[in-house]
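These notes concern the structure reproduced below.
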4 protein chains.
Amino acid sequence: MQFTSDNAAAVHPAVWKAMMAADAADAPYDGDDLSRRLDGAFSALFGRECAVLWVATGTAANCLGLAALVSPHGAVACHREAHIEMDEAGAPGFYLHGAKLLLAEGESARVTPETLAAILDPIRDDVHQVQPHAVSITQASEYGCVYRPADLAAIAAFARGRKLGLHMDGARFANAVAFLGCSPAEAAGDIDVLSFGFVKNGGMSAEAIVFFDVEAARTIRYRRKRAGHLQSKGRFMAAQILAMLEDDVWLANARAANAAAARIAAADPARLLHPVEANEVFLSCTANEREALRAQGFAFYDWGPDAARLVTAWDARDDHVEALARAIAAL
Amino acid sequence: MQFTSDNAAAVHPAVWKAMMAADAADAPYDGDDLSRRLDGAFSALFGRECAVLWVATGTAANCLGLAALVSPHGAVACHREAHIEMDEAGAPGFYLHGAKLLLAEGESARVTPETLAAILDPIRDDVHQVQPHAVSITQASEYGCVYRPADLAAIAAFARGRKLGLHMDGARFANAVAFLGCSPAEAAGDIDVLSFGFVKNGGMSAEAIVFFDVEAARTIRYRRKRAGHLQSKGRFMAAQILAMLEDDVWLANARAANAAAARIAAADPARLLHPVEANEVFLSCTANEREALRAQGFAFYDWGPDAARLVTAWDARDDHVEALARAIAAL
Amino acid sequence: MQFTSDNAAAVHPAVWKAMMAADAADAPYDGDDLSRRLDGAFSALFGRECAVLWVATGTAANCLGLAALVSPHGAVACHREAHIEMDEAGAPGFYLHGAKLLLAEGESARVTPETLAAILDPIRDDVHQVQPHAVSITQASEYGCVYRPADLAAIAAFARGRKLGLHMDGARFANAVAFLGCSPAEAAGDIDVLSFGFVKNGGMSAEAIVFFDVEAARTIRYRRKRAGHLQSKGRFMAAQILAMLEDDVWLANARAANAAAARIAAADPARLLHPVEANEVFLSCTANEREALRAQGFAFYDWGPDAARLVTAWDARDDHVEALARAIAAL
Amino acid sequence: MQFTSDNAAAVHPAVWKAMMAADAADAPYDGDDLSRRLDGAFSALFGRECAVLWVATGTAANCLGLAALVSPHGAVACHREAHIEMDEAGAPGFYLHGAKLLLAEGESARVTPETLAAILDPIRDDVHQVQPHAVSITQASEYGCVYRPADLAAIAAFARGRKLGLHMDGARFANAVAFLGCSPAEAAGDIDVLSFGFVKNGGMSAEAIVFFDVEAARTIRYRRKRAGHLQSKGRFMAAQILAMLEDDVWLANARAANAAAARIAAADPARLLHPVEANEVFLSCTANEREALRAQGFAFYDWGPDAARLVTAWDARDDHVEALARAIAAL
């Protein structure tokens, strides 16, 4: 019973169907009809004009999005445990040509204007110090916690006040929207660019970079090709994303994953290391307890010596979830 | 009737089947069973040990392959019309951190030891000049022409003699093997790394970087992730490639595409600008003649003011090919 | 008798004097009084506002100047034999993060709107091709030839018409001004940034990057520090440049060097491979003839198998120059 | 009375003399006689073979030194307050093509095997995480504190044990040697590359990169040129360094600076924030107290709200030092 990663989940049937429908030969790269429909589809979803590029990974989405905001001699302020800092193998350094990440604190991997100010205030406007050009936040955070619209408004005001760009890593943006019960626009706030993730949520290999500054997308098209991310049969990329948007599959899937996580969280709330607001459960438990869970067939990651990370996906089976909840309660 | 690009072709049924079979959840990234089978599959195919990474595009394959051979202060010698020079948006400059391409001449976009020497001999071992670190050749070439084993041996000897790495862009490697009727090992020669293309030949989105220097692959695994090319559901990438290798689908597809091109070439050999050895036909024809062909429903690219490029794919329809051949003969 | 390179020449006494006068402790980096005077001094010289940064080498000056005009995914059009292409070890690729040089033809290493158009016209505005962002010209050229004001106006119009930045490598800008007998502003034309060389012309280690777009200099200050080119005792850099500007030492030195070259050129005009307009003489002569000259004590570089390059400096000794002229005449 | 920075100090008379003696024309770049003597001079000083390159700044020295040890996809472990992290404008990110700095703790800006292990142990050998390739330490540290030979041995053993390169930022290496009273070799320990600083210690614009791995210097010669740091009149660079080495001017100067700092430190030891082991004094004092000192003519930097940084140089005047000591005692 798989609770290792939503990356390991299956591809949604609607996505398969759309991909197969896209098999007929069409223009290569992103000249096909499906790719051309993306801007409109996301503009409708967010209720404002945006320009959208597909790429195969969240890492590429984050880095190409940031490339629109950050010069090589600049820096990105983000949480100390942000994915771009911890899990992307230095990709921001590669894509941003050596620009730096400045690491802020914040509960459950969410930054605040205060924690951002704490790292940015000591930086003089002085050529000896790397200058911040952008802030990157993660919605939902690495610990499965969600920024509320008021949190986002405060961070956006902070960024605007300091003339910093604002990027959102939305690898689990769908889960955040599902949790907040608000519109995608409200769950994003006043940002410049969003990495809208689909792969963890039922897609196969397509993420969307959503540029609310439409002009910025123009430059990043060159950068995408230059990074080897312009696939020649791009119609299969667009097809995945459009299928996820149609009939709100993305939202239904996220709700399912969130519900599974909530069920597991409810098994023993005292063990929770972070509020469970999306599809990740961080559980305080000993090595012996983890051993016991694994002995019952549950797969998951250790999270340091005293905790476990359990991730649910859109296709979590009820019986597996129930079994896990019972097993946790019985620890 | 589509003769624009083999990039526009459909995905082979065997590839679809393998991808669907891979849908069951498995380890993320390249920890899955299919990805782990790649090294063995290619080692068997080439009859020597190799290590293999999948990536989504030929550009990424070429650049990550070259990254194993070239330092940022070095250079790659390649043909003036090589894909890495003409069509990759400066990706080598990005991946190789500013390393340079040195452009050699050569008929039908193939270099020779002589044309390589012509550009490399003037370079002194002097810190003022960018030093060559590798040679990159394209098999089949941008003009659909194929290096013979003796050509490859001469180039490899040249490269070894100057301590240069040797990379092969094999976006149409299958077509070259099909033309030569030899083994993949013979069609590659003594190279360090091969970008083995599948997307133009029936795949959807997976190319293989084949490292004959197995140790080099170790470093490039980090670079692949750092470039945002490590897909989280990598099993779908490996599945495509393994499906293409199984039952020699890759070879059958390439033979089909080559045969279609040969049929078209035979329509009016006097018009051919390059020998037709793979799946591309470069035809001398006026703007009026191209107009006439398009009026009959044939889609293709202009190649400058006086020529057309016609590309066949694995799924070229006989009736389309026959129609095109007749139309050319009738011009 | 040294005719190898103006790089080998001595430092002018006025420069020594100014450096020694700067020895008193002052603010570090470029916070000293001398460095602060540069903007004003060059604004007066060019009759328009400019912002000026010192750096130690022409390579750094060229690359930091270009960094103001070119994005990492862009390209610089320049002459095939430009210093940035031939002699800077790939520094543009390093400073511009992989941006490319596009190589144009042109007599005596000078480009024209026509030769630029020949390489730029085939580039479609298409993500597969590296897009030009700037043009770089060299005044005087690598072959010691000088752009006339009308040439410069045509190139500037060309660049403006295509929204390209315009950079001038002025390692021997002083020699060009001396030849033209015009103002520095006329010898520069409507450019964005000039590398104004002093080291070859009597300085020790200071070149000026002159930004006519004052705002651009702001960003490049960060880039200069980031490249390790912000010296801590910057007062010695500014002192050199100010000493060269005072009493037009730069112009007097260039005139002296040009006059020496003209004297040598007059020895046997039939041998000249390029018009001698600055301080370089390219002479057709056989290996035996070069041998003969060297036997008489003249040091210089071979320029391929059939030519010699003779460079004069501000401190060329009359007796050496006369001796060389006689020796050439006697060949 | 200047205690702001040793960067602001004067140039030593022996350096001036050597520079003027180097004025006679010689081979350009580093082909001159003086530059060729550097390897031998440092090999004698350290009692082991080394290869030495001059550059104009400590930033360039550090970054080019590290470039010999760190791949673009790697990282350098250093102290959180190291100069490469705090004061070099992101130069390591530029020179190392995006490689990362990993920040360790440690008293008075010195790391230990324990503090290094604390940041390195959590890094799995996993493509998702940036891998450490080198350690960089600063001798003397940013707080003017000195690693003892035993400290260095422990760090070198740590680095060797993990196959990490070891770099030393020796902007104030001379001060460390003066404090330890040992040989340069003992004050360096078993490192791969040393940035040996001269500019703060009586030089004008020349630092030495000392490669104990002689082969590494070969590659970095290309990188130096590529970074625009190969000055054309290099003889003036080598002259400075050789003058500093001759008669141990470097050591005498460092002793003088250290003695001045010690005198100031003795004025009120209770105020010292760090042991004074080199030429920097970090003094606890209020804004009012700093105001009082400045009113008496002393120039220095604030160090946060409650402290002052006072730096002495080789040319510190006794009367200034005495005056400052008295003023501090009287606070």
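Residue numbering restarts at 1 in every chain; chains get A, B, ... in the order shown in the structure tokens, and ligands count up from 1 in that same order.
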Excluding His274 of chain A and its own-chain neighbours fewer than 5 positions away, which residues fall within 10 Å of it when counting only C-alpha atoms? Please give them as a PyMOL selection string.
chain A and resi 107-109+143-145+265+269+280-284
Produce a table with one row for each residue of chain A that has an atom at most 8 Å from any atom of chain D, each row naming the nearest atom pair and its distance in Å at one decimal; use only C-alpha atoms; arrange rows by chain and rising residue number; format as CSV.
```
residue,atom,partner,partner_atom,distance
A:Pro72,CA,D:Phe94,CA,8.0
A:His73,CA,D:Gly90,CA,6.7
A:Met86,CA,D:Gln129,CA,6.5
A:Asp87,CA,D:His128,CA,4.8
A:Glu88,CA,D:His128,CA,5.3
A:Ala89,CA,D:Gln129,CA,4.5
A:Gly90,CA,D:Val130,CA,5.7
A:Pro92,CA,D:Gly98,CA,7.9
A:Gly93,CA,D:Gly98,CA,4.1
A:Phe94,CA,D:Gly98,CA,5.2
A:Leu96,CA,D:Gly98,CA,7.8
A:His97,CA,D:Gly98,CA,5.8
A:Gly98,CA,D:Gly98,CA,3.8
A:Ala99,CA,D:Gly93,CA,6.6
A:Lys100,CA,D:Gly90,CA,7.1
A:Val127,CA,D:Ala89,CA,6.3
A:His128,CA,D:Ala89,CA,4.6
A:Gln129,CA,D:Ala89,CA,4.5
A:Val130,CA,D:Ala89,CA,4.7
```
Any chance you could list, as a PyMOL selection string, the residues in segment 130-233 of chain A that come up helix (DSSP H, G or I) when DSSP is run on the backbone?
chain A and resi 149-161+173-180+184-188+199-201+214-226
Can you tell me which residues surround Leu34 of chain C at a distance of at most 8 Å, considering only C-alpha atoms, apart from same-chain residues fewer than 5 positions away, and format the answer as a CSV table (one decimal) with all heavy atoms, in the first residue's frame?
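Saved file out-v3.csv follows:
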```
chain,number,residue,atom,x,y,z
C,235,ARG,N,41.4,53.6,-6.3
C,235,ARG,CA,42.0,54.9,-6.6
C,235,ARG,C,43.1,54.8,-7.6
C,235,ARG,O,43.3,55.8,-8.4
C,235,ARG,CB,42.4,55.6,-5.3
C,235,ARG,CG,43.5,54.9,-4.5
C,235,ARG,CD,43.6,55.5,-3.1
C,235,ARG,NE,44.6,54.9,-2.3
C,235,ARG,CZ,44.6,53.8,-1.5
C,235,ARG,NH1,43.5,53.1,-1.5
C,235,ARG,NH2,45.6,53.5,-0.8
C,238,ALA,N,41.5,54.7,-11.1
C,238,ALA,CA,40.9,55.9,-11.6
C,238,ALA,C,42.1,56.9,-11.9
C,238,ALA,O,42.0,57.7,-12.9
C,238,ALA,CB,40.0,56.5,-10.5
C,239,ALA,N,43.1,56.9,-11.1
C,239,ALA,CA,44.2,57.8,-11.2
C,239,ALA,C,44.9,57.6,-12.6
C,239,ALA,O,45.2,58.6,-13.3
C,239,ALA,CB,45.3,57.6,-10.2
C,242,LEU,N,42.4,59.1,-15.3
C,242,LEU,CA,42.4,60.6,-15.2
C,242,LEU,C,43.7,61.2,-15.8
C,242,LEU,O,43.6,62.3,-16.4
C,242,LEU,CB,42.1,61.1,-13.8
C,242,LEU,CG,40.6,60.7,-13.3
C,242,LEU,CD1,40.5,61.0,-11.8
C,242,LEU,CD2,39.6,61.5,-14.1
```
Got a sec to tell me which of segment 33-273 of chain D DSSP assigns to strand (DSSP E), as a PyMOL selection string?
chain D and resi 51-55+74-79+100-104+131-138+165-170+193-196+207-211
Lys17 of chain B surroundings by only C-alpha atoms, 10 Å radius, close-in-sequence under 3 positions cut, as a ChimeraX atom specification:
/B:12-14,20-22,239-240,243
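Residue nearest Phe298 of chain D within the list D:Thr138, D:Ser35, D:Thr286, D:Thr312: D:Thr312 [criterion: smallest interatomic distance, only C-alpha atoms].
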Sorted by chain and rising residue number, list the residues of segment 27-127 of chain C at most 7 Å from segment 162-174 of chain C (counting only C-alpha atoms), each with its closest atom pair and distance in Å to one decimal, as a tab-separated table.
```
residue	atom	partner	partner_atom	distance
C:Gly58	CA	C:Ala171	CA	6.4
C:Asn62	CA	C:Asp169	CA	6.2
C:Leu66	CA	C:His167	CA	6.6
C:Leu69	CA	C:Gly165	CA	5.6
```
Keeping only C-alpha atoms, write the selected residues as a compact mmCIF listing (two decimals), in the first residue's frame.
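File written: selection_18.txt
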```txt
# COMPACT_ATOMS: atom_id res chain seq x y z
CA GLY C 58 39.92 45.03 -22.31
CA ASN C 62 34.11 44.31 -23.52
CA LEU C 66 28.04 43.64 -23.63
CA LEU C 69 22.95 44.70 -23.89
```
Atom pair atom CA of Ala150 of chain B / atom CA of Phe179 of chain B: separation (Å)
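Here the two named atoms are 14.9 Å from each other.
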Give me, please, the distance in Å between atom CA of Ala252 of chain C and atom CA of Thr112 of chain C, quoted to one decimal.
29.6 Å
Would you compute the distance between atom CA of Phe212 of chain C and atom CA of Leu152 of chain C? Give it in Å to one decimal.
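Result for atom CA of Phe212 of chain C versus atom CA of Leu152 of chain C: 15.7 Å, one decimal.
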For Ala299 of chain C, work out the shell of residues within 7 Å, counting only C-alpha atoms and skipping chain neighbours fewer than 2 positions away, then give it as a ChimeraX atom specification.
/C:1-4,294,297
Could you write out that same residue set with C-alpha atoms as a PDB file, in the first residue's frame?
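Written file, selection30.pdb:
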```pdb
ATOM      1  CA  MET C   1      63.716  46.616 -30.992  1.00  0.00           C
ATOM      2  CA  GLN C   2      60.197  45.810 -29.915  1.00  0.00           C
ATOM      3  CA  PHE C   3      57.323  45.826 -32.404  1.00  0.00           C
ATOM      4  CA  THR C   4      55.497  42.875 -30.945  1.00  0.00           C
ATOM      5  CA  ARG C 294      64.715  39.434 -36.873  1.00  0.00           C
ATOM      6  CA  GLY C 297      67.052  42.843 -33.964  1.00  0.00           C
TER       7      GLY C 297
END
```
Which neighbours of segment 324-326 of chain A fall inside 9 Å, counting only C-alpha atoms, when residues of the same chain fewer than 4 positions from it are skipped, and could you give them as a ChimeraX atom specification?
/A:1,263-268,293,296,298,319-320,330-331
